Structures are given as structure tokens and as C-alpha cells.
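S.K.: Sharing final-v9.pdb here; it has PDB, N, CA and C atoms and all ligand atoms.
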```
ATOM      1  N   MET A 346      35.498 122.559-161.246
ATOM      2  CA  MET A 346      34.595 123.630-161.612
ATOM      3  C   MET A 346      35.404 124.811-162.148
ATOM      4  N   GLY A 347      34.937 125.376-163.248
ATOM      5  CA  GLY A 347      35.646 126.486-163.865
ATOM      6  C   GLY A 347      35.313 127.808-163.218
ATOM      7  N   GLN A 348      36.001 128.837-163.654
ATOM      8  CA  GLN A 348      35.751 130.182-163.164
ATOM      9  C   GLN A 348      34.412 130.678-163.691
ATOM     10  N   SER A 349      33.809 131.615-162.959
ATOM     11  CA  SER A 349      32.543 132.192-163.406
ATOM     12  C   SER A 349      32.737 133.651-163.783
ATOM     13  N   MET A 350      31.801 134.173-164.536
ATOM     14  CA  MET A 350      31.644 135.611-164.681
ATOM     15  C   MET A 350      30.150 135.843-164.860
ATOM     16  N   VAL A 351      29.743 137.044-165.161
ATOM     17  CA  VAL A 351      28.322 137.303-165.315
ATOM     18  C   VAL A 351      28.029 137.820-166.717
ATOM     19  N   ALA A 352      26.773 137.681-167.098
ATOM     20  CA  ALA A 352      26.294 138.214-168.368
ATOM     21  C   ALA A 352      24.957 138.890-168.103
ATOM     22  N   ILE A 353      24.570 139.776-168.996
ATOM     23  CA  ILE A 353      23.297 140.480-168.879
ATOM     24  C   ILE A 353      22.458 140.164-170.109
ATOM     25  N   VAL A 354      21.221 139.723-169.879
ATOM     26  CA  VAL A 354      20.287 139.522-170.991
ATOM     27  C   VAL A 354      19.764 140.899-171.371
ATOM     28  N   GLU A 355      20.205 141.386-172.519
ATOM     29  CA  GLU A 355      19.906 142.777-172.888
ATOM     30  C   GLU A 355      18.407 143.074-172.906
ATOM     31  N   ALA A 356      17.630 142.138-173.403
ATOM     32  CA  ALA A 356      16.183 142.359-173.496
ATOM     33  C   ALA A 356      15.545 142.527-172.108
ATOM     34  N   ASP A 357      16.160 141.953-171.084
ATOM     35  CA  ASP A 357      15.617 142.042-169.724
ATOM     36  C   ASP A 357      16.189 143.217-168.936
ATOM     37  N   CYS A 358      17.170 143.896-169.499
ATOM     38  CA  CYS A 358      17.820 145.016-168.798
ATOM     39  C   CYS A 358      17.086 146.317-169.121
ATOM     40  N   THR A 359      16.535 146.944-168.085
ATOM     41  CA  THR A 359      15.798 148.192-168.280
ATOM     42  C   THR A 359      16.718 149.406-168.247
ATOM     43  N   GLY A 360      17.985 149.190-167.917
ATOM     44  CA  GLY A 360      18.922 150.312-167.823
ATOM     45  C   GLY A 360      18.748 151.097-166.534
ATOM     46  N   CYS A 361      18.274 150.432-165.492
ATOM     47  CA  CYS A 361      18.006 151.134-164.230
ATOM     48  C   CYS A 361      19.287 151.532-163.494
ATOM     49  N   ASP A 362      20.401 150.907-163.828
ATOM     50  CA  ASP A 362      21.722 151.202-163.246
ATOM     51  C   ASP A 362      21.905 150.706-161.812
ATOM     52  N   LEU A 363      20.936 149.985-161.258
ATOM     53  CA  LEU A 363      21.056 149.550-159.861
ATOM     54  C   LEU A 363      22.247 148.623-159.623
ATOM     55  N   CYS A 364      22.627 147.879-160.643
ATOM     56  CA  CYS A 364      23.730 146.923-160.468
ATOM     57  C   CYS A 364      25.100 147.606-160.439
ATOM     58  N   ILE A 365      25.209 148.776-161.041
ATOM     59  CA  ILE A 365      26.530 149.401-161.247
ATOM     60  C   ILE A 365      27.336 149.577-159.951
ATOM     61  N   PRO A 366      26.749 150.127-158.883
ATOM     62  CA  PRO A 366      27.559 150.302-157.660
ATOM     63  C   PRO A 366      27.882 148.999-156.932
ATOM     64  N   HIS A 367      27.335 147.874-157.389
ATOM     65  CA  HIS A 367      27.631 146.589-156.748
ATOM     66  C   HIS A 367      28.906 145.951-157.296
ATOM     67  N   CYS A 368      29.471 146.538-158.341
ATOM     68  CA  CYS A 368      30.687 145.950-158.924
ATOM     69  C   CYS A 368      31.923 146.716-158.467
ATOM     70  N   PRO A 369      32.786 146.085-157.657
ATOM     71  CA  PRO A 369      33.989 146.769-157.186
ATOM     72  C   PRO A 369      35.053 146.911-158.275
ATOM     73  N   PHE A 370      34.847 146.273-159.417
ATOM     74  CA  PHE A 370      35.854 146.289-160.487
ATOM     75  C   PHE A 370      35.437 147.152-161.675
ATOM     76  N   GLU A 371      34.338 147.891-161.517
ATOM     77  CA  GLU A 371      33.843 148.791-162.564
ATOM     78  C   GLU A 371      33.638 148.055-163.884
ATOM     79  N   ALA A 372      33.127 146.834-163.763
ATOM     80  CA  ALA A 372      32.876 146.023-164.967
ATOM     81  C   ALA A 372      31.460 146.204-165.503
ATOM     82  N   LEU A 373      30.599 146.873-164.737
ATOM     83  CA  LEU A 373      29.224 147.107-165.182
ATOM     84  C   LEU A 373      29.086 148.580-165.538
ATOM     85  N   LEU A 374      28.873 148.855-166.827
ATOM     86  CA  LEU A 374      28.777 150.248-167.266
ATOM     87  C   LEU A 374      27.672 150.386-168.316
ATOM     88  N   PRO A 375      27.050 151.577-168.391
ATOM     89  CA  PRO A 375      26.021 151.801-169.407
ATOM     90  C   PRO A 375      26.634 151.931-170.793
ATOM     91  N   MET A 376      25.963 151.371-171.783
ATOM     92  CA  MET A 376      26.412 151.563-173.162
ATOM     93  C   MET A 376      26.233 153.027-173.538
ATOM     94  N   GLU A 377      27.083 153.511-174.411
ATOM     95  CA  GLU A 377      26.960 154.904-174.871
ATOM     96  C   GLU A 377      25.664 155.125-175.632
ATOM     97  N   THR A 378      25.316 154.164-176.444
ATOM     98  CA  THR A 378      24.074 154.258-177.233
ATOM     99  C   THR A 378      23.343 152.924-177.178
ATOM    100  N   SER A 379      22.043 152.986-177.368
ATOM    101  CA  SER A 379      21.248 151.757-177.369
ATOM    102  C   SER A 379      21.414 151.025-178.695
ATOM    103  N   PRO A 380      21.378 149.699-178.654
ATOM    104  CA  PRO A 380      21.326 148.955-179.913
ATOM    105  C   PRO A 380      20.054 149.329-180.683
ATOM    106  N   LYS A 381      20.114 149.297-182.018
ATOM    107  CA  LYS A 381      18.995 149.745-182.854
ATOM    108  C   LYS A 381      17.686 149.040-182.530
ATOM    109  N   GLU A 382      17.780 147.762-182.274
ATOM    110  CA  GLU A 382      16.559 146.962-182.087
ATOM    111  C   GLU A 382      16.017 147.019-180.654
ATOM    112  N   ARG A 383      16.626 147.864-179.792
ATOM    113  CA  ARG A 383      16.261 147.858-178.378
ATOM    114  C   ARG A 383      14.824 148.345-178.159
ATOM    115  N   LYS A 384      14.099 147.649-177.253
ATOM    116  CA  LYS A 384      12.702 147.997-176.986
ATOM    117  C   LYS A 384      12.562 148.950-175.789
ATOM    118  N   HIS A 385      13.478 148.864-174.817
ATOM    119  CA  HIS A 385      13.408 149.755-173.657
ATOM    120  C   HIS A 385      13.883 151.154-174.056
ATOM    121  N   LYS A 386      13.336 152.181-173.373
ATOM    122  CA  LYS A 386      13.706 153.564-173.700
ATOM    123  C   LYS A 386      15.163 153.853-173.347
ATOM    124  N   LYS A 387      15.601 153.335-172.202
ATOM    125  CA  LYS A 387      16.944 153.664-171.716
ATOM    126  C   LYS A 387      17.970 152.656-172.230
ATOM    127  N   ARG A 388      19.182 153.110-172.469
ATOM    128  CA  ARG A 388      20.258 152.234-172.943
ATOM    129  C   ARG A 388      20.564 151.164-171.895
ATOM    130  N   PRO A 389      21.062 150.023-172.345
ATOM    131  CA  PRO A 389      21.342 148.948-171.393
ATOM    132  C   PRO A 389      22.689 149.108-170.691
ATOM    133  N   VAL A 390      22.830 148.389-169.624
ATOM    134  CA  VAL A 390      24.130 148.239-168.966
ATOM    135  C   VAL A 390      24.749 146.945-169.494
ATOM    136  N   ILE A 391      26.059 146.952-169.654
ATOM    137  CA  ILE A 391      26.738 145.750-170.143
ATOM    138  C   ILE A 391      27.837 145.328-169.162
ATOM    139  N   VAL A 392      28.296 144.108-169.338
ATOM    140  CA  VAL A 392      29.433 143.595-168.566
ATOM    141  C   VAL A 392      30.672 143.727-169.440
ATOM    142  N   LEU A 393      31.659 144.448-168.953
ATOM    143  CA  LEU A 393      32.925 144.535-169.687
ATOM    144  C   LEU A 393      33.723 143.263-169.389
ATOM    145  N   ALA A 394      33.850 142.435-170.405
ATOM    146  CA  ALA A 394      34.520 141.148-170.212
ATOM    147  C   ALA A 394      35.967 141.331-169.750
ATOM    148  N   SER A 395      36.564 142.440-170.150
ATOM    149  CA  SER A 395      37.963 142.683-169.786
ATOM    150  C   SER A 395      38.121 143.086-168.320
ATOM    151  N   GLN A 396      37.019 143.417-167.647
ATOM    152  CA  GLN A 396      37.085 143.893-166.266
ATOM    153  C   GLN A 396      36.504 142.895-165.261
ATOM    154  N   CYS A 397      35.582 142.052-165.711
ATOM    155  CA  CYS A 397      34.850 141.175-164.787
ATOM    156  C   CYS A 397      35.733 140.022-164.320
ATOM    157  N   VAL A 398      35.891 139.936-162.997
ATOM    158  CA  VAL A 398      36.720 138.869-162.433
ATOM    159  C   VAL A 398      35.879 137.725-161.871
ATOM    160  N   GLY A 399      34.574 137.821-162.040
ATOM    161  CA  GLY A 399      33.707 136.729-161.598
ATOM    162  C   GLY A 399      33.507 136.655-160.103
ATOM    163  N   CYS A 400      33.582 137.790-159.425
ATOM    164  CA  CYS A 400      33.424 137.767-157.962
ATOM    165  C   CYS A 400      31.979 137.534-157.547
ATOM    166  N   LEU A 401      31.042 137.779-158.441
ATOM    167  CA  LEU A 401      29.600 137.573-158.235
ATOM    168  C   LEU A 401      28.991 138.515-157.195
ATOM    169  N   SER A 402      29.699 139.590-156.849
ATOM    170  CA  SER A 402      29.147 140.566-155.891
ATOM    171  C   SER A 402      27.870 141.205-156.413
ATOM    172  N   CYS A 403      27.733 141.261-157.726
ATOM    173  CA  CYS A 403      26.594 141.959-158.336
ATOM    174  C   CYS A 403      25.380 141.074-158.530
ATOM    175  N   ILE A 404      25.516 139.787-158.360
ATOM    176  CA  ILE A 404      24.578 138.829-158.931
ATOM    177  C   ILE A 404      23.132 139.008-158.425
ATOM    178  N   GLY A 405      22.961 139.422-157.176
ATOM    179  CA  GLY A 405      21.600 139.558-156.656
ATOM    180  C   GLY A 405      21.028 140.957-156.785
ATOM    181  N   SER A 406      21.730 141.841-157.480
ATOM    182  CA  SER A 406      21.349 143.256-157.457
ATOM    183  C   SER A 406      20.344 143.651-158.534
ATOM    184  N   CYS A 407      20.049 142.762-159.455
ATOM    185  CA  CYS A 407      19.190 143.132-160.587
ATOM    186  C   CYS A 407      17.721 142.798-160.325
ATOM    187  N   PRO A 408      16.850 143.796-160.318
ATOM    188  CA  PRO A 408      15.437 143.530-160.020
ATOM    189  C   PRO A 408      14.719 142.751-161.114
ATOM    190  N   THR A 409      15.269 142.740-162.331
ATOM    191  CA  THR A 409      14.590 142.010-163.414
ATOM    192  C   THR A 409      15.265 140.673-163.710
ATOM    193  N   LYS A 410      16.285 140.334-162.914
ATOM    194  CA  LYS A 410      17.031 139.069-163.104
ATOM    195  C   LYS A 410      17.721 139.012-164.481
ATOM    196  N   ALA A 411      18.093 140.183-164.986
ATOM    197  CA  ALA A 411      18.800 140.216-166.268
ATOM    198  C   ALA A 411      20.251 139.765-166.102
ATOM    199  N   LEU A 412      20.773 139.935-164.893
ATOM    200  CA  LEU A 412      22.153 139.522-164.595
ATOM    201  C   LEU A 412      22.167 138.056-164.201
ATOM    202  N   HIS A 413      23.034 137.292-164.801
ATOM    203  CA  HIS A 413      23.124 135.889-164.411
ATOM    204  C   HIS A 413      24.556 135.398-164.532
ATOM    205  N   GLU A 414      24.830 134.319-163.818
ATOM    206  CA  GLU A 414      26.177 133.761-163.812
ATOM    207  C   GLU A 414      26.387 132.892-165.046
ATOM    208  N   VAL A 415      27.571 132.979-165.619
ATOM    209  CA  VAL A 415      27.933 132.068-166.703
ATOM    210  C   VAL A 415      29.270 131.420-166.355
ATOM    211  N   ALA A 416      29.393 130.159-166.706
ATOM    212  CA  ALA A 416      30.629 129.434-166.413
ATOM    213  C   ALA A 416      31.651 129.698-167.510
ATOM    214  N   LEU A 417      32.880 129.791-167.115
ATOM    215  CA  LEU A 417      33.960 129.956-168.085
ATOM    216  C   LEU A 417      34.694 128.630-168.242
ATOM    217  N   PRO A 418      35.390 128.460-169.347
ATOM    218  CA  PRO A 418      36.155 127.222-169.521
ATOM    219  C   PRO A 418      37.176 127.059-168.398
ATOM    220  N   PRO A 419      37.366 125.824-167.898
ATOM    221  CA  PRO A 419      38.350 125.613-166.823
ATOM    222  C   PRO A 419      39.765 125.918-167.264
ATOM    223  N   ASN A 420      40.029 125.911-168.576
ATOM    224  CA  ASN A 420      41.350 126.232-169.088
ATOM    225  C   ASN A 420      41.504 127.758-169.135
ATOM    226  N   ALA A 421      42.367 128.301-168.270
ATOM    227  CA  ALA A 421      42.493 129.756-168.127
ATOM    228  C   ALA A 421      42.882 130.441-169.424
ATOM    229  N   ILE A 422      43.573 129.749-170.289
ATOM    230  CA  ILE A 422      44.045 130.361-171.531
ATOM    231  C   ILE A 422      42.879 130.743-172.449
ATOM    232  N   LEU A 423      41.714 130.142-172.194
ATOM    233  CA  LEU A 423      40.523 130.432-172.998
ATOM    234  C   LEU A 423      39.639 131.498-172.355
ATOM    235  N   SER A 424      40.022 132.018-171.195
ATOM    236  CA  SER A 424      39.190 132.970-170.462
ATOM    237  C   SER A 424      39.174 134.343-171.126
ATOM    238  N   PRO A 425      38.013 135.057-171.097
ATOM    239  CA  PRO A 425      37.959 136.434-171.598
ATOM    240  C   PRO A 425      38.876 137.374-170.823
ATOM    241  N   LEU A 426      39.285 136.972-169.624
ATOM    242  CA  LEU A 426      40.221 137.799-168.865
ATOM    243  C   LEU A 426      41.617 137.761-169.488
ATOM    244  N   VAL A 427      41.885 136.719-170.244
ATOM    245  CA  VAL A 427      43.203 136.564-170.867
ATOM    246  C   VAL A 427      43.162 136.978-172.331
ATOM    247  N   ILE A 428      42.083 136.571-173.004
ATOM    248  CA  ILE A 428      41.954 136.903-174.429
ATOM    249  C   ILE A 428      41.350 138.301-174.543
ATOM    250  N   PRO A 429      42.003 139.253-175.205
ATOM    251  CA  PRO A 429      41.448 140.606-175.328
ATOM    252  C   PRO A 429      40.096 140.573-176.047
ATOM    253  N   THR A 430      39.140 141.343-175.527
ATOM    254  CA  THR A 430      37.821 141.410-176.146
ATOM    255  C   THR A 430      37.535 142.852-176.556
ATOM    256  N   ASP A 431      36.684 143.015-177.540
ATOM    257  CA  ASP A 431      36.286 144.348-177.994
ATOM    258  C   ASP A 431      35.030 144.769-177.250
ATOM    259  N   ASP A 432      35.193 145.437-176.115
ATOM    260  CA  ASP A 432      34.030 145.933-175.393
ATOM    261  C   ASP A 432      33.484 147.153-176.125
ATOM    262  N   PRO A 433      32.147 147.269-176.269
ATOM    263  CA  PRO A 433      31.584 148.427-176.957
ATOM    264  C   PRO A 433      31.777 149.696-176.137
ATOM    265  N   PRO A 434      31.661 150.888-176.763
ATOM    266  CA  PRO A 434      31.837 152.141-176.026
ATOM    267  C   PRO A 434      30.823 152.265-174.889
ATOM    268  N   THR A 435      31.303 152.740-173.740
ATOM    269  CA  THR A 435      30.430 152.877-172.564
ATOM    270  C   THR A 435      30.526 154.286-171.993
ATOM    271  N   GLU A 436      29.485 154.670-171.244
ATOM    272  CA  GLU A 436      29.504 155.937-170.516
ATOM    273  C   GLU A 436      30.419 155.772-169.309
ATOM    274  N   SER A 437      31.032 156.874-168.865
ATOM    275  CA  SER A 437      31.783 156.798-167.618
ATOM    276  C   SER A 437      30.823 157.058-166.465
ATOM    277  N   VAL A 438      31.147 156.509-165.302
ATOM    278  CA  VAL A 438      30.304 156.653-164.121
ATOM    279  C   VAL A 438      31.136 157.284-163.009
ATOM    280  N   VAL A 439      30.627 158.361-162.429
ATOM    281  CA  VAL A 439      31.329 159.033-161.334
ATOM    282  C   VAL A 439      30.981 158.312-160.026
ATOM    283  N   ARG A 440      31.996 157.842-159.318
ATOM    284  CA  ARG A 440      31.736 157.062-158.100
ATOM    285  C   ARG A 440      31.979 157.838-156.814
ATOM    286  N   TRP A 441      32.820 158.859-156.871
ATOM    287  CA  TRP A 441      33.179 159.569-155.647
ATOM    288  C   TRP A 441      32.703 161.008-155.689
ATOM    289  N   GLY A 442      32.755 161.684-154.544
ATOM    290  CA  GLY A 442      32.333 163.078-154.450
ATOM    291  C   GLY A 442      30.833 163.189-154.248
ATOM    292  N   LYS A 443      30.351 164.422-154.189
ATOM    293  CA  LYS A 443      28.941 164.675-153.876
ATOM    294  C   LYS A 443      27.996 164.045-154.896
ATOM    295  N   LYS A 444      28.386 164.045-156.164
ATOM    296  CA  LYS A 444      27.515 163.503-157.208
ATOM    297  C   LYS A 444      27.837 162.053-157.550
ATOM    298  N   GLY A 445      28.764 161.460-156.833
ATOM    299  CA  GLY A 445      29.160 160.079-157.126
ATOM    300  C   GLY A 445      28.117 159.074-156.686
ATOM    301  N   ILE A 446      28.089 157.932-157.365
ATOM    302  CA  ILE A 446      27.097 156.908-157.006
ATOM    303  C   ILE A 446      27.568 156.065-155.828
ATOM    304  N   GLY A 447      28.852 156.142-155.472
ATOM    305  CA  GLY A 447      29.379 155.388-154.353
ATOM    306  C   GLY A 447      29.401 153.894-154.633
ATOM    307  N   TRP A 448      29.461 153.107-153.553
ATOM    308  CA  TRP A 448      29.485 151.642-153.667
ATOM    309  C   TRP A 448      28.331 151.073-152.884
ATOM    310  N   ALA A 449      27.747 150.005-153.372
ATOM    311  CA  ALA A 449      26.616 149.373-152.670
ATOM    312  C   ALA A 449      27.134 148.458-151.566
TER     313      ALA A 449
HETATM  314  S1  LIG B   1      20.163 146.103-162.378
HETATM  315 FE1  LIG B   1      19.497 144.731-164.049
HETATM  316  S2  LIG B   1      17.991 145.931-165.203
HETATM  317 FE2  LIG B   1      19.138 147.390-163.944
HETATM  318  S3  LIG B   1      20.825 148.088-165.262
HETATM  319 FE3  LIG B   1      21.616 146.338-164.093
HETATM  320  S4  LIG B   1      21.289 144.529-165.412
HETATM  321 FE4  LIG B   1      19.993 146.214-166.196
HETATM  322  S1  LIG B   2      30.954 139.330-161.174
HETATM  323 FE1  LIG B   2      32.127 140.813-159.895
HETATM  324  S2  LIG B   2      33.580 141.756-161.324
HETATM  325 FE2  LIG B   2      31.981 140.754-162.569
HETATM  326  S3  LIG B   2      30.480 142.361-162.976
HETATM  327 FE3  LIG B   2      29.779 141.277-161.144
HETATM  328  S4  LIG B   2      30.652 142.413-159.383
HETATM  329 FE4  LIG B   2      31.734 143.049-161.263
END
```
What is this structure when it is put down as C-alpha cells?

M.R.:
Amino acid sequence: MGQSMVAIVEADCTGCDLCIPHCPFEALLPMETSPKERKHKKRPVIVLASQCVGCLSCIGSCPTKALHEVALPPNAILSPLVIPTDDPPTESVVRWGKKGIGWA
């Protein structure tokens, strides 16, 4: 069995941000801007392929089931963790302090 990571179905993501504090690797972040064709008012959250280690800690956190597991090739050399990917610009999220979202 190969390594896993997660993906988000953009059309099913309402941008509620509930999944963000469930990722200990800060791989779930809001996009800076919404894609042009987006139907939801709020921008989506995306998975940064360069950050996601496939721990699946986030998998049950999405109320719309937009987050799902995807299998990666068993050959590590083909993994997005090894091959650099162009992640789109994302908003930063404050995790600590009085205004921080903390960890779930
Ligand atoms: S919990 Fe689901 S709907 Fe909410 S931001 Fe995350 S992926 Fe999108
Ligand atoms: S699988 Fe783990 S590392 Fe990847 S987005 Fe979910 S919590 Fe973060």
C-alpha cells in the first residue's frame, strides 16, 4: 500500500476553515483569492502538497466531506513530497496568542 495524502473538492468546500486547526503541519490554508468560477462566497481552503505528510489527522474534520484521502504512488520518487509543486498563494493563519486559532 502506498502513502496517502488528502485532497479537497473545491466545489464542496465552503471555506468554513474548520479543518485548518486539525493539521499539525500547516498544510491546510485558505487561498488568497477565490478562483473565478467559484460559486461559494468565501474563498476555499487548499492542501499544500509540499506540506502534507498524509497523517490523515484532518480527514474527519470537514462537515461537507470536501476533504478526502488520495493514494500516492508507492514509489517515493514520484511523491509530491519529493517533487516540488507550485502551491497557489495562501493567506497566513495565526495559531498562537489571544487571536490564534490554536490546534484542534
Ligand atoms: S472543513 Fe471542509 S468545507 Fe470547511 S474549509 Fe475545510 S475543506 Fe472546506
Ligand atoms: S493529512 Fe495530515 S498533513 Fe495532510 S493536510 Fe491532513 S492533517 Fe495536514

S.K.: Using 6.5 Å as the limit and counting only N, CA and C atoms and all ligand atoms, can you tabulate each residue of chain A that touches ligand LIG 1 (chain B), with its shortest atom-to-atom distance in Å and the two atoms involved, as JSON lines?

M.R.:
```
{"residue": "A:Ile353", "atom": "CA", "partner": "B:LIG1", "partner_atom": "S4", "distance": 5.7}
{"residue": "A:Asp357", "atom": "C", "partner": "B:LIG1", "partner_atom": "S2", "distance": 5.0}
{"residue": "A:Cys358", "atom": "CA", "partner": "B:LIG1", "partner_atom": "FE4", "distance": 3.6}
{"residue": "A:Thr359", "atom": "N", "partner": "B:LIG1", "partner_atom": "S2", "distance": 3.4}
{"residue": "A:Gly360", "atom": "C", "partner": "B:LIG1", "partner_atom": "S3", "distance": 3.9}
{"residue": "A:Cys361", "atom": "N", "partner": "B:LIG1", "partner_atom": "S3", "distance": 3.5}
{"residue": "A:Asp362", "atom": "N", "partner": "B:LIG1", "partner_atom": "S3", "distance": 3.2}
{"residue": "A:Leu363", "atom": "N", "partner": "B:LIG1", "partner_atom": "S1", "distance": 4.1}
{"residue": "A:Cys364", "atom": "N", "partner": "B:LIG1", "partner_atom": "S1", "distance": 3.5}
{"residue": "A:Ile365", "atom": "N", "partner": "B:LIG1", "partner_atom": "FE3", "distance": 5.3}
{"residue": "A:Pro389", "atom": "C", "partner": "B:LIG1", "partner_atom": "S3", "distance": 5.8}
{"residue": "A:Val390", "atom": "N", "partner": "B:LIG1", "partner_atom": "S3", "distance": 4.8}
{"residue": "A:Ser406", "atom": "C", "partner": "B:LIG1", "partner_atom": "S1", "distance": 4.6}
{"residue": "A:Cys407", "atom": "CA", "partner": "B:LIG1", "partner_atom": "S1", "distance": 3.6}
{"residue": "A:Pro408", "atom": "N", "partner": "B:LIG1", "partner_atom": "S1", "distance": 4.5}
{"residue": "A:Thr409", "atom": "N", "partner": "B:LIG1", "partner_atom": "FE1", "distance": 5.0}
{"residue": "A:Lys410", "atom": "N", "partner": "B:LIG1", "partner_atom": "FE1", "distance": 5.6}
{"residue": "A:Ala411", "atom": "N", "partner": "B:LIG1", "partner_atom": "FE1", "distance": 4.9}
{"residue": "A:Leu412", "atom": "N", "partner": "B:LIG1", "partner_atom": "S4", "distance": 4.7}
```

S.K.: Neighbours of A:Met350 within 8 Å (only C-alpha atoms; same-chain residues fewer than 2 positions away dropped), as a PDB file with N, CA and C atoms, keeping the file's coordinate frame?

M.R.:
```
ATOM      1  N   GLN A 348      36.001 128.837-163.654  1.00  0.00           N
ATOM      2  CA  GLN A 348      35.751 130.182-163.164  1.00  0.00           C
ATOM      3  C   GLN A 348      34.412 130.678-163.691  1.00  0.00           C
ATOM      4  N   ALA A 352      26.773 137.681-167.098  1.00  0.00           N
ATOM      5  CA  ALA A 352      26.294 138.214-168.368  1.00  0.00           C
ATOM      6  C   ALA A 352      24.957 138.890-168.103  1.00  0.00           C
ATOM      7  N   CYS A 397      35.582 142.052-165.711  1.00  0.00           N
ATOM      8  CA  CYS A 397      34.850 141.175-164.787  1.00  0.00           C
ATOM      9  C   CYS A 397      35.733 140.022-164.320  1.00  0.00           C
ATOM     10  N   VAL A 398      35.891 139.936-162.997  1.00  0.00           N
ATOM     11  CA  VAL A 398      36.720 138.869-162.433  1.00  0.00           C
ATOM     12  C   VAL A 398      35.879 137.725-161.871  1.00  0.00           C
ATOM     13  N   GLY A 399      34.574 137.821-162.040  1.00  0.00           N
ATOM     14  CA  GLY A 399      33.707 136.729-161.598  1.00  0.00           C
ATOM     15  C   GLY A 399      33.507 136.655-160.103  1.00  0.00           C
ATOM     16  N   CYS A 400      33.582 137.790-159.425  1.00  0.00           N
ATOM     17  CA  CYS A 400      33.424 137.767-157.962  1.00  0.00           C
ATOM     18  C   CYS A 400      31.979 137.534-157.547  1.00  0.00           C
ATOM     19  N   LEU A 401      31.042 137.779-158.441  1.00  0.00           N
ATOM     20  CA  LEU A 401      29.600 137.573-158.235  1.00  0.00           C
ATOM     21  C   LEU A 401      28.991 138.515-157.195  1.00  0.00           C
ATOM     22  N   GLU A 414      24.830 134.319-163.818  1.00  0.00           N
ATOM     23  CA  GLU A 414      26.177 133.761-163.812  1.00  0.00           C
ATOM     24  C   GLU A 414      26.387 132.892-165.046  1.00  0.00           C
ATOM     25  N   VAL A 415      27.571 132.979-165.619  1.00  0.00           N
ATOM     26  CA  VAL A 415      27.933 132.068-166.703  1.00  0.00           C
ATOM     27  C   VAL A 415      29.270 131.420-166.355  1.00  0.00           C
ATOM     28  N   ALA A 416      29.393 130.159-166.706  1.00  0.00           N
ATOM     29  CA  ALA A 416      30.629 129.434-166.413  1.00  0.00           C
ATOM     30  C   ALA A 416      31.651 129.698-167.510  1.00  0.00           C
ATOM     31  N   LEU A 417      32.880 129.791-167.115  1.00  0.00           N
ATOM     32  CA  LEU A 417      33.960 129.956-168.085  1.00  0.00           C
ATOM     33  C   LEU A 417      34.694 128.630-168.242  1.00  0.00           C
TER      34      LEU A 417
END
```

S.K.: Which residues of chain A sit at most 7 Å from ligand LIG 2 (chain B), using all atoms listed in the file? Give each one's shortest atom pair and distance in Å (one decimal place), in chain and ascending residue order, as CSV.

M.R.:
```
residue,atom,partner,partner_atom,distance
A:Ser349,C,B:LIG2,S1,6.5
A:Met350,C,B:LIG2,S1,5.1
A:Val351,N,B:LIG2,S1,4.8
A:His367,C,B:LIG2,S4,4.5
A:Cys368,CA,B:LIG2,S4,3.6
A:Pro369,N,B:LIG2,S4,4.6
A:Phe370,N,B:LIG2,FE4,4.8
A:Glu371,N,B:LIG2,FE4,5.5
A:Ala372,C,B:LIG2,S3,4.7
A:Leu373,N,B:LIG2,S3,4.8
A:Val392,CA,B:LIG2,S3,5.8
A:Leu393,N,B:LIG2,S3,6.4
A:Gln396,C,B:LIG2,S2,5.0
A:Cys397,CA,B:LIG2,FE2,3.7
A:Val398,N,B:LIG2,S2,3.4
A:Gly399,CA,B:LIG2,S1,3.8
A:Cys400,N,B:LIG2,FE1,3.4
A:Leu401,N,B:LIG2,S1,3.1
A:Ser402,N,B:LIG2,S4,3.9
A:Cys403,N,B:LIG2,S4,3.5
A:Ile404,N,B:LIG2,FE3,5.3
```

S.K.: So how many Å separate atom N of A:Thr435 and atom C of A:Pro375, to one decimal?

M.R.: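 Computing it gives 5.6 Å between the two atoms.
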
S.K.: Using atom CA of A:Val438 and atom N of A:Leu374 as the two end points, give the distance in Å to one decimal.

M.R.: 8.4 Å

S.K.: Under the rule that only C-alpha atoms are counted, which of A:Ile428, A:Pro434, A:Gly445, A:Ala356 is the nearest residue to A:Ala394?

M.R.: A:Ile428

S.K.: Using only C-alpha atoms for the distances, tell me which of A:Asn420, A:Ile391, A:Asp431, A:Glu355 is nearest to A:Glu377.

M.R.: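 Residue with the minimum atom-to-atom distance to A:Glu377: A:Ile391.
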
S.K.: Output as JSON the centre and edge lengths (Å, one decimal) of the box along x, y and z of the file that holds every listed atom of stretch 427-441 of chain A after adding 8 Å on each side.

M.R.:
```
{"center_x": 36.3, "center_y": 148.8, "center_z": -166.8, "size_x": 29.7, "size_y": 40.4, "size_z": 38.3}
```

S.K.: In Å to one decimal, how far is atom CA of A:Asp432 from atom CA of A:Thr378?

M.R.: 13.1 Å

S.K.: Using DSSP secondary structure from the backbone, list all strand (DSSP E or B) positions within chain A, as a PyMOL selection string.

M.R.: chain A and resi 349-353+373-376+390-392+412-416+435

S.K.: Using the chain letters and numbers from this document, which residues of chain A does DSSP assign to helix (DSSP H, G or I), as a list in words?

M.R.: Glu355, Ala356, Asp357, Ile365, Pro366, His367, Ala421, Ile422 and Leu423 of chain A
